[in-house]
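Novice: What follows is final29.cif; its format and atoms are mmCIF, C-alpha atoms.
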data_start
#
loop_
_atom_site.label_atom_id
_atom_site.label_comp_id
_atom_site.auth_asym_id
_atom_site.auth_seq_id
_atom_site.Cartn_x
_atom_site.Cartn_y
_atom_site.Cartn_z
CA GLY G 1 -2.53 -20.63 0.31
CA ASN G 2 -4.98 -18.08 -0.96
CA SER G 3 -8.42 -19.32 -1.92
CA VAL G 4 -11.97 -18.18 -2.53
CA THR G 5 -15.18 -20.03 -1.69
CA GLN G 6 -18.48 -18.93 -3.15
CA MET G 7 -21.93 -20.35 -2.92
CA GLU G 8 -22.84 -23.05 -5.39
CA GLY G 9 -25.44 -22.28 -7.97
CA PRO G 10 -27.47 -22.17 -9.98
CA VAL G 11 -29.46 -19.40 -8.39
CA THR G 12 -32.87 -18.72 -9.92
CA LEU G 13 -34.72 -15.53 -9.04
CA SER G 14 -37.72 -13.67 -10.29
CA GLU G 15 -37.23 -10.21 -11.75
CA GLU G 16 -37.03 -7.47 -9.06
CA ALA G 17 -36.01 -9.98 -6.36
CA PHE G 18 -33.14 -9.30 -3.96
CA LEU G 19 -29.85 -11.01 -4.76
CA THR G 20 -27.12 -12.19 -2.43
CA ILE G 21 -24.19 -14.34 -3.57
CA ASN G 22 -21.91 -15.31 -0.71
CA CYS G 23 -18.14 -15.22 -1.02
CA THR G 24 -15.52 -15.93 1.64
CA TYR G 25 -11.79 -15.99 1.27
CA THR G 26 -8.66 -17.37 2.86
CA ALA G 27 -5.48 -15.36 2.48
CA THR G 28 -2.39 -14.32 4.31
CA GLY G 29 -2.12 -10.58 4.58
CA TYR G 30 -4.51 -8.24 2.82
CA PRO G 31 -5.64 -9.25 -0.64
CA SER G 32 -7.72 -7.16 -2.99
CA LEU G 33 -11.17 -8.58 -3.73
CA PHE G 34 -13.16 -8.55 -6.94
CA TRP G 35 -16.42 -9.63 -8.50
CA TYR G 36 -16.35 -10.50 -12.18
CA VAL G 37 -19.34 -11.29 -14.40
CA GLN G 38 -19.35 -13.53 -17.47
CA TYR G 39 -22.26 -13.39 -19.89
CA PRO G 40 -22.84 -16.43 -22.13
CA GLY G 41 -20.19 -16.79 -24.82
CA GLU G 42 -18.16 -13.83 -23.59
CA GLY G 43 -15.05 -13.04 -21.59
CA LEU G 44 -15.07 -11.73 -18.04
CA GLN G 45 -15.95 -8.18 -17.07
CA LEU G 46 -14.91 -6.52 -13.84
CA LEU G 47 -18.08 -5.73 -11.92
CA LEU G 48 -16.64 -4.17 -8.77
CA LYS G 49 -13.64 -4.25 -6.47
CA ALA G 50 -12.38 -3.39 -3.01
CA THR G 51 -8.75 -3.08 -2.04
CA LYS G 52 -8.87 -2.74 1.74
CA ALA G 53 -11.01 -3.64 4.73
CA ASP G 54 -14.39 -1.88 4.99
CA ASP G 55 -14.20 -0.66 1.39
CA LYS G 56 -17.49 -0.96 -0.48
CA GLY G 57 -17.37 -1.63 -4.21
CA SER G 58 -20.42 -0.74 -6.26
CA ASN G 59 -21.44 -0.74 -9.91
CA LYS G 60 -24.71 -1.05 -11.87
CA GLY G 61 -26.71 -1.50 -8.66
CA PHE G 62 -24.44 -4.27 -7.35
CA GLU G 63 -22.57 -3.80 -4.07
CA ALA G 64 -20.06 -5.74 -1.97
CA THR G 65 -18.23 -4.78 1.22
CA TYR G 66 -14.78 -6.06 2.19
CA ARG G 67 -15.26 -7.56 5.66
CA LYS G 68 -11.93 -8.50 7.19
CA GLU G 69 -13.44 -9.78 10.42
CA THR G 70 -15.57 -12.35 8.61
CA THR G 71 -13.22 -12.69 5.58
CA SER G 72 -16.19 -12.12 3.30
CA PHE G 73 -17.12 -10.13 0.19
CA HIS G 74 -20.78 -10.93 -0.47
CA LEU G 75 -22.39 -9.59 -3.64
CA GLU G 76 -25.82 -7.95 -3.33
CA LYS G 77 -28.32 -6.25 -5.59
CA GLY G 78 -31.65 -4.89 -4.47
CA SER G 79 -33.67 -5.63 -7.61
CA VAL G 80 -32.36 -7.98 -10.28
CA GLN G 81 -33.25 -7.81 -13.96
CA VAL G 82 -33.41 -10.51 -16.63
CA SER G 83 -30.29 -8.96 -18.16
CA ASP G 84 -28.35 -9.80 -14.96
CA SER G 85 -28.48 -13.50 -15.87
CA ALA G 86 -24.83 -14.55 -16.04
CA VAL G 87 -22.10 -16.34 -14.11
CA TYR G 88 -20.57 -14.36 -11.26
CA PHE G 89 -17.03 -15.02 -10.03
CA CYS G 90 -15.56 -13.81 -6.77
CA ALA G 91 -11.78 -13.43 -6.92
CA LEU G 92 -8.82 -12.20 -4.95
CA SER G 93 -5.38 -11.01 -5.89
CA TYR G 94 -2.28 -10.54 -3.87
CA SER G 95 0.82 -8.55 -4.52
CA ASN G 96 3.22 -11.43 -3.92
CA SER G 97 1.62 -13.49 -6.69
CA GLY G 98 2.07 -10.88 -9.40
CA TYR G 99 -1.53 -9.76 -8.88
CA ALA G 100 -2.69 -12.99 -10.50
CA LEU G 101 -6.38 -13.53 -9.87
CA ASN G 102 -7.50 -16.50 -7.81
CA PHE G 103 -11.14 -17.28 -8.67
CA GLY G 104 -13.96 -18.96 -6.86
CA LYS G 105 -15.90 -21.63 -8.74
CA GLY G 106 -18.54 -19.22 -10.00
CA THR G 107 -22.25 -18.86 -9.35
CA SER G 108 -24.71 -19.07 -12.19
CA LEU G 109 -27.65 -16.68 -11.88
CA LEU G 110 -30.85 -17.00 -13.88
CA VAL G 111 -33.43 -14.24 -13.57
CA THR G 112 -36.89 -15.04 -14.92
CA PRO G 113 -39.53 -12.49 -15.97
CA ASP X 1 -8.52 2.42 -26.15
CA THR X 2 -9.78 0.43 -23.15
CA GLU X 3 -9.92 -3.01 -24.67
CA VAL X 4 -7.96 -6.21 -24.83
CA THR X 5 -8.26 -7.68 -28.32
CA GLN X 6 -7.83 -11.40 -28.90
CA THR X 7 -7.55 -13.14 -32.25
CA PRO X 8 -8.81 -15.41 -33.58
CA LYS X 9 -12.16 -15.71 -31.82
CA HIS X 10 -12.50 -19.36 -32.80
CA LEU X 11 -9.85 -21.89 -33.76
CA VAL X 12 -10.06 -25.54 -34.73
CA MET X 13 -6.76 -27.36 -34.98
CA GLY X 14 -5.50 -30.88 -35.37
CA MET X 15 -3.19 -32.52 -32.89
CA THR X 16 -0.20 -32.15 -35.22
CA ASN X 17 -0.80 -28.50 -36.07
CA LYS X 18 1.07 -25.43 -34.88
CA LYS X 19 -0.97 -22.32 -34.28
CA SER X 20 -0.73 -19.08 -32.31
CA LEU X 21 -3.17 -17.06 -30.28
CA LYS X 22 -2.69 -13.30 -30.19
CA CYS X 23 -3.56 -10.68 -27.61
CA GLU X 24 -3.13 -6.93 -27.88
CA GLN X 25 -3.75 -3.99 -25.54
CA HIS X 26 -2.93 -0.29 -25.80
CA MET X 27 -3.74 0.81 -22.28
CA GLY X 28 -0.12 0.94 -21.14
CA HIS X 29 -0.66 -2.00 -18.83
CA ARG X 30 2.61 -3.68 -17.90
CA ALA X 31 1.20 -6.99 -16.68
CA MET X 32 -0.41 -9.46 -19.06
CA TYR X 33 -1.89 -12.86 -18.38
CA TRP X 34 -3.08 -16.03 -20.07
CA TYR X 35 -5.93 -18.00 -18.52
CA LYS X 36 -7.60 -21.22 -19.62
CA GLN X 37 -11.29 -21.76 -18.95
CA LYS X 38 -13.12 -25.04 -19.37
CA ALA X 39 -16.90 -25.10 -19.63
CA LYS X 40 -18.71 -24.28 -16.38
CA LYS X 41 -15.39 -23.78 -14.56
CA PRO X 42 -13.51 -20.71 -13.37
CA PRO X 43 -10.52 -19.45 -15.34
CA GLU X 44 -7.21 -21.09 -14.43
CA LEU X 45 -4.01 -19.09 -14.53
CA MET X 46 -1.42 -20.25 -17.06
CA PHE X 47 1.18 -17.48 -17.38
CA VAL X 48 1.95 -14.02 -16.04
CA TYR X 49 4.15 -11.51 -17.82
CA SER X 50 5.36 -8.46 -15.94
CA TYR X 51 7.26 -5.80 -17.87
CA GLU X 52 7.56 -8.22 -20.79
CA LYS X 53 9.26 -10.86 -18.65
CA LEU X 54 7.67 -14.17 -17.71
CA SER X 55 7.14 -14.02 -13.97
CA ILE X 56 4.76 -16.92 -13.33
CA ASN X 57 4.33 -20.23 -15.15
CA GLU X 58 1.72 -22.37 -13.44
CA SER X 59 3.31 -25.69 -14.44
CA VAL X 60 1.82 -25.49 -17.91
CA PRO X 61 2.85 -28.27 -20.37
CA SER X 62 5.53 -27.26 -22.85
CA ARG X 63 3.10 -27.67 -25.76
CA PHE X 64 1.95 -24.18 -24.71
CA SER X 65 4.65 -21.57 -25.27
CA PRO X 66 4.02 -17.92 -24.36
CA GLU X 67 5.78 -14.96 -25.88
CA CYS X 68 5.68 -11.24 -25.13
CA PRO X 69 7.33 -9.41 -28.05
CA ASN X 70 6.59 -5.96 -26.62
CA SER X 71 4.53 -4.23 -23.95
CA SER X 72 1.35 -4.32 -26.06
CA LEU X 73 1.42 -7.84 -27.44
CA LEU X 74 1.14 -11.30 -25.95
CA ASN X 75 1.17 -14.51 -27.93
CA LEU X 76 0.47 -18.11 -27.03
CA HIS X 77 2.07 -20.62 -29.37
CA LEU X 78 0.39 -24.00 -29.57
CA HIS X 79 1.96 -27.24 -30.76
CA ALA X 80 0.93 -30.89 -30.55
CA LEU X 81 -2.12 -30.18 -28.44
CA GLN X 82 -4.47 -32.81 -27.09
CA PRO X 83 -8.28 -32.85 -27.30
CA GLU X 84 -8.45 -32.10 -23.56
CA ASP X 85 -6.77 -28.75 -24.30
CA SER X 86 -9.99 -27.61 -25.95
CA ALA X 87 -11.17 -24.60 -23.93
CA LEU X 88 -11.68 -20.85 -23.93
CA TYR X 89 -8.31 -19.09 -23.70
CA LEU X 90 -8.52 -15.69 -22.09
CA CYS X 91 -5.95 -12.93 -22.18
CA ALA X 92 -6.00 -10.13 -19.62
CA SER X 93 -3.96 -7.10 -18.70
CA SER X 94 -3.63 -4.88 -15.68
CA PRO X 95 -1.59 -1.93 -14.50
CA GLN X 96 1.29 -3.02 -12.31
CA ALA X 97 -0.91 -2.30 -9.34
CA ASN X 98 -3.96 -3.86 -7.82
CA TYR X 99 -6.66 -2.30 -9.97
CA GLY X 100 -8.14 -5.43 -11.46
CA TYR X 101 -7.91 -6.85 -14.92
CA THR X 102 -9.32 -6.08 -18.31
CA PHE X 103 -10.11 -9.35 -20.05
CA GLY X 104 -10.35 -10.03 -23.74
CA SER X 105 -13.35 -11.90 -25.10
CA GLY X 106 -11.25 -15.02 -25.55
CA THR X 107 -10.33 -17.55 -28.22
CA ARG X 108 -12.47 -20.67 -28.24
CA LEU X 109 -10.09 -23.48 -29.16
CA THR X 110 -11.15 -26.91 -30.34
CA VAL X 111 -8.52 -29.61 -30.80
CA VAL X 112 -9.57 -32.47 -33.04
#
Using structure tokens, write down the structure that the file contains.

Specialist:
Amino acid sequence: GNSVTQMEGPVTLSEEAFLTINCTYTATGYPSLFWYVQYPGEGLQLLLKATKADDKGSNKGFEATYRKETTSFHLEKGSVQVSDSAVYFCALSYSNSGYALNFGKGTSLLVTP
Amino acid sequence: DTEVTQTPKHLVMGMTNKKSLKCEQHMGHRAMYWYKQKAKKPPELMFVYSYEKLSINESVPSRFSPECPNSSLLNLHLHALQPEDSALYLCASSPQANYGYTFGSGTRLTVV
């Protein structure tokens, strides 16, 4: 079946450090890939997405590229801020499952001043 | 309007109570979803509605009963819940295409 594996956290970084959160997926066919962010006590917000191979999603300084050859969608940001502290979820969706999202376990990020 | 609104934000209920969670969106999205999220875990899919019809039920116990009265509203009726059902219940909607979801801020449910 379809599944997402992302690196275990928590990840602790100093402000202005470079961020990478790894995400790999298993799916038949060509899923769409997403990164969602959840701030404490809140719902999930779509951070970025990519719907086909080699697409790059980007938003608020975050980027991720859909790599079909390595079945990966790693999240990167060049310089993190304290306000980026949150839980980040990689997810995929597939047309034959009603576009229901299949989430990874989440990676908690803490950015310190 | 680009939001999914969930009410109430917090709910405490006894194991013999009946309550309902409500979700509303006015973005014209034709797919709506209920997810359950336990602390420090990813959301788990419960139900999918597509064009107001239930299309996916992820083997959810019958004490959870979804309802989609129209294209803008989604309810989750709760009855005889257990303490382990305490969680954050998230509603989401999406166009009937692969554009990603808009999530509500959730209802934090505590069963006592």

Novice: Once the PyMOL selection byres ((chain G) within 6 of (chain X)) has been evaluated on this model, what residues remain selected, and can you format them as a compact mmCIF listing (two decimals) with C-alpha atoms, in the coordinates of the input?

Specialist:
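Result written to expr-v8.txt:
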# COMPACT_ATOMS: atom_id res chain seq x y z
CA GLU G 42 -18.16 -13.83 -23.59
CA GLY G 43 -15.05 -13.04 -21.59
CA LEU G 44 -15.07 -11.73 -18.04
CA LYS G 105 -15.90 -21.63 -8.74

Novice: Evaluate the PyMOL selection byres ((chain G and resi 5) around 8) against this structure - the residues, as a CSV table (one decimal) with C-alpha atoms, keeping the file's coordinate frame, please.

Specialist:
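So the final result, stored in part_6.csv, reads:
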chain,number,residue,atom,x,y,z
G,3,SER,CA,-8.4,-19.3,-1.9
G,4,VAL,CA,-12.0,-18.2,-2.5
G,6,GLN,CA,-18.5,-18.9,-3.2
G,7,MET,CA,-21.9,-20.4,-2.9
G,23,CYS,CA,-18.1,-15.2,-1.0
G,24,THR,CA,-15.5,-15.9,1.6
G,25,TYR,CA,-11.8,-16.0,1.3
G,104,GLY,CA,-14.0,-19.0,-6.9
G,105,LYS,CA,-15.9,-21.6,-8.7

Novice: To one decimal place, how far is CA of Ser58 (chain G) from CA of Phe89 (chain G) in Å?

Specialist: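 Taking CA of Ser58 (chain G) as the start and CA of Phe89 (chain G) as the end point, the length is 15.2 Å.
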
Novice: Which residues, written as number ranges by chain, have at least one atom at most 12 Å from Gly1 (chain G), with only C-alpha atoms counted and residues fewer than 3 positions away on the same chain left out?

Specialist: G: 4, 25-29, 31, 92-94, 96-97, 102

Novice: Could you work out how far CA of Phe103 (chain G) lies from CA of Gly78 (chain G), giving the answer in Å with one decimal?

Specialist: 24.3 Å

Novice: Which residue gives the smallest distance to Gly9 (chain G) among G:Val87, G:Ala53, G:Leu47, G:Ala100, with all atoms listed in the file counted?

Specialist: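 Selected residue with least distance to Gly9 (chain G): G:Val87.
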
Novice: Figure out the distance between CA of Lys77 (chain G) and CA of Val111 (chain G), please, to one decimal in Å.

Specialist: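 For CA of Val111 (chain G) relative to CA of Lys77 (chain G), the distance reads 12.4 Å.
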
Novice: List every protein, DNA or RNA residue with an atom no more than 6 Å from (-9.4, -5.5, -5.2) in the file's coordinates, counting all atoms listed in the file, and format the result as a PDB file with C-alpha atoms, in the coordinates of the input.

Specialist:
ATOM      1  CA  SER G  32      -7.720  -7.160  -2.990  1.00  0.00           C
ATOM      2  CA  LEU G  33     -11.170  -8.580  -3.730  1.00  0.00           C
ATOM      3  CA  PHE G  34     -13.160  -8.550  -6.940  1.00  0.00           C
ATOM      4  CA  LYS G  49     -13.640  -4.250  -6.470  1.00  0.00           C
ATOM      5  CA  ALA G  50     -12.380  -3.390  -3.010  1.00  0.00           C
ATOM      6  CA  THR G  51      -8.750  -3.080  -2.040  1.00  0.00           C
TER       7      THR G  51
END

Novice: Is there a way to get, as a VMD selection string, all residues within 10 Å of the point (-41.3, -18.2, -15.8) in file coordinates, counting all atoms listed in the file?

Specialist: chain G and resid 13 to 15 111 to 113

Novice: Excluding Glu52 (chain X) and its own-chain neighbours fewer than 5 positions away, which residues fall within 12 Å of it when counting all atoms listed in the file? Please give them as a short mmCIF file (atom, residue, chain, number, x, y, z; two decimals) with C-alpha atoms, keeping the file's coordinate frame.

Specialist:
data_model
loop_
_atom_site.label_atom_id
_atom_site.label_comp_id
_atom_site.auth_asym_id
_atom_site.auth_seq_id
_atom_site.Cartn_x
_atom_site.Cartn_y
_atom_site.Cartn_z
CA GLY X 28 -0.12 0.94 -21.14
CA HIS X 29 -0.66 -2.00 -18.83
CA ARG X 30 2.61 -3.68 -17.90
CA ALA X 31 1.20 -6.99 -16.68
CA MET X 32 -0.41 -9.46 -19.06
CA TYR X 33 -1.89 -12.86 -18.38
CA PHE X 47 1.18 -17.48 -17.38
CA PRO X 66 4.02 -17.92 -24.36
CA GLU X 67 5.78 -14.96 -25.88
CA CYS X 68 5.68 -11.24 -25.13
CA PRO X 69 7.33 -9.41 -28.05
CA ASN X 70 6.59 -5.96 -26.62
CA SER X 71 4.53 -4.23 -23.95
CA SER X 72 1.35 -4.32 -26.06
CA LEU X 73 1.42 -7.84 -27.44
CA LEU X 74 1.14 -11.30 -25.95
CA ASN X 75 1.17 -14.51 -27.93
CA SER X 93 -3.96 -7.10 -18.70
CA GLN X 96 1.29 -3.02 -12.31
#

Novice: What would region 46-63 of chain G look like with N, CA and C atoms in place, written as an mmCIF file, keeping the file's coordinate frame?

Specialist:
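Written file, result.cif:
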data_model
loop_
_atom_site.group_PDB
_atom_site.id
_atom_site.type_symbol
_atom_site.label_atom_id
_atom_site.label_comp_id
_atom_site.auth_asym_id
_atom_site.auth_seq_id
_atom_site.Cartn_x
_atom_site.Cartn_y
_atom_site.Cartn_z
ATOM 1 N N LEU G 46 -15.003 -6.929 -15.240
ATOM 2 C CA LEU G 46 -14.910 -6.520 -13.840
ATOM 3 C C LEU G 46 -16.196 -5.822 -13.448
ATOM 4 N N LEU G 47 -16.833 -6.313 -12.394
ATOM 5 C CA LEU G 47 -18.080 -5.730 -11.920
ATOM 6 C C LEU G 47 -17.808 -4.701 -10.823
ATOM 7 N N LEU G 48 -17.011 -5.090 -9.830
ATOM 8 C CA LEU G 48 -16.640 -4.170 -8.770
ATOM 9 C C LEU G 48 -15.446 -4.712 -8.010
ATOM 10 N N LYS G 49 -14.838 -3.835 -7.213
ATOM 11 C CA LYS G 49 -13.640 -4.250 -6.470
ATOM 12 C C LYS G 49 -13.534 -3.500 -5.159
ATOM 13 N N ALA G 50 -12.709 -4.055 -4.268
ATOM 14 C CA ALA G 50 -12.380 -3.390 -3.010
ATOM 15 C C ALA G 50 -10.954 -3.778 -2.641
ATOM 16 N N THR G 51 -10.172 -2.810 -2.263
ATOM 17 C CA THR G 51 -8.750 -3.080 -2.040
ATOM 18 C C THR G 51 -8.335 -3.089 -0.587
ATOM 19 N N LYS G 52 -9.225 -2.664 0.332
ATOM 20 C CA LYS G 52 -8.870 -2.740 1.740
ATOM 21 C C LYS G 52 -10.126 -2.942 2.582
ATOM 22 N N ALA G 53 -9.902 -3.323 3.816
ATOM 23 C CA ALA G 53 -11.010 -3.640 4.730
ATOM 24 C C ALA G 53 -11.973 -2.460 4.840
ATOM 25 N N ASP G 54 -13.264 -2.807 4.857
ATOM 26 C CA ASP G 54 -14.390 -1.880 4.990
ATOM 27 C C ASP G 54 -14.685 -1.089 3.717
ATOM 28 N N ASP G 55 -13.874 -1.272 2.673
ATOM 29 C CA ASP G 55 -14.200 -0.660 1.390
ATOM 30 C C ASP G 55 -15.485 -1.279 0.855
ATOM 31 N N LYS G 56 -16.305 -0.457 0.209
ATOM 32 C CA LYS G 56 -17.490 -0.960 -0.480
ATOM 33 C C LYS G 56 -17.302 -0.696 -1.963
ATOM 34 N N GLY G 57 -17.363 -1.776 -2.760
ATOM 35 C CA GLY G 57 -17.370 -1.630 -4.210
ATOM 36 C C GLY G 57 -18.802 -1.593 -4.696
ATOM 37 N N SER G 58 -19.056 -0.796 -5.736
ATOM 38 C CA SER G 58 -20.420 -0.740 -6.260
ATOM 39 C C SER G 58 -20.381 -0.415 -7.751
ATOM 40 N N ASN G 59 -21.364 -0.964 -8.471
ATOM 41 C CA ASN G 59 -21.440 -0.740 -9.910
ATOM 42 C C ASN G 59 -22.758 -1.315 -10.402
ATOM 43 N N LYS G 60 -23.478 -0.581 -11.216
ATOM 44 C CA LYS G 60 -24.710 -1.050 -11.870
ATOM 45 C C LYS G 60 -25.719 -1.603 -10.874
ATOM 46 N N GLY G 61 -25.768 -1.048 -9.670
ATOM 47 C CA GLY G 61 -26.710 -1.500 -8.660
ATOM 48 C C GLY G 61 -26.206 -2.638 -7.800
ATOM 49 N N PHE G 62 -25.064 -3.216 -8.153
ATOM 50 C CA PHE G 62 -24.440 -4.270 -7.350
ATOM 51 C C PHE G 62 -23.520 -3.628 -6.303
ATOM 52 N N GLU G 63 -23.451 -4.280 -5.134
ATOM 53 C CA GLU G 63 -22.570 -3.800 -4.070
ATOM 54 C C GLU G 63 -21.909 -4.988 -3.377
#
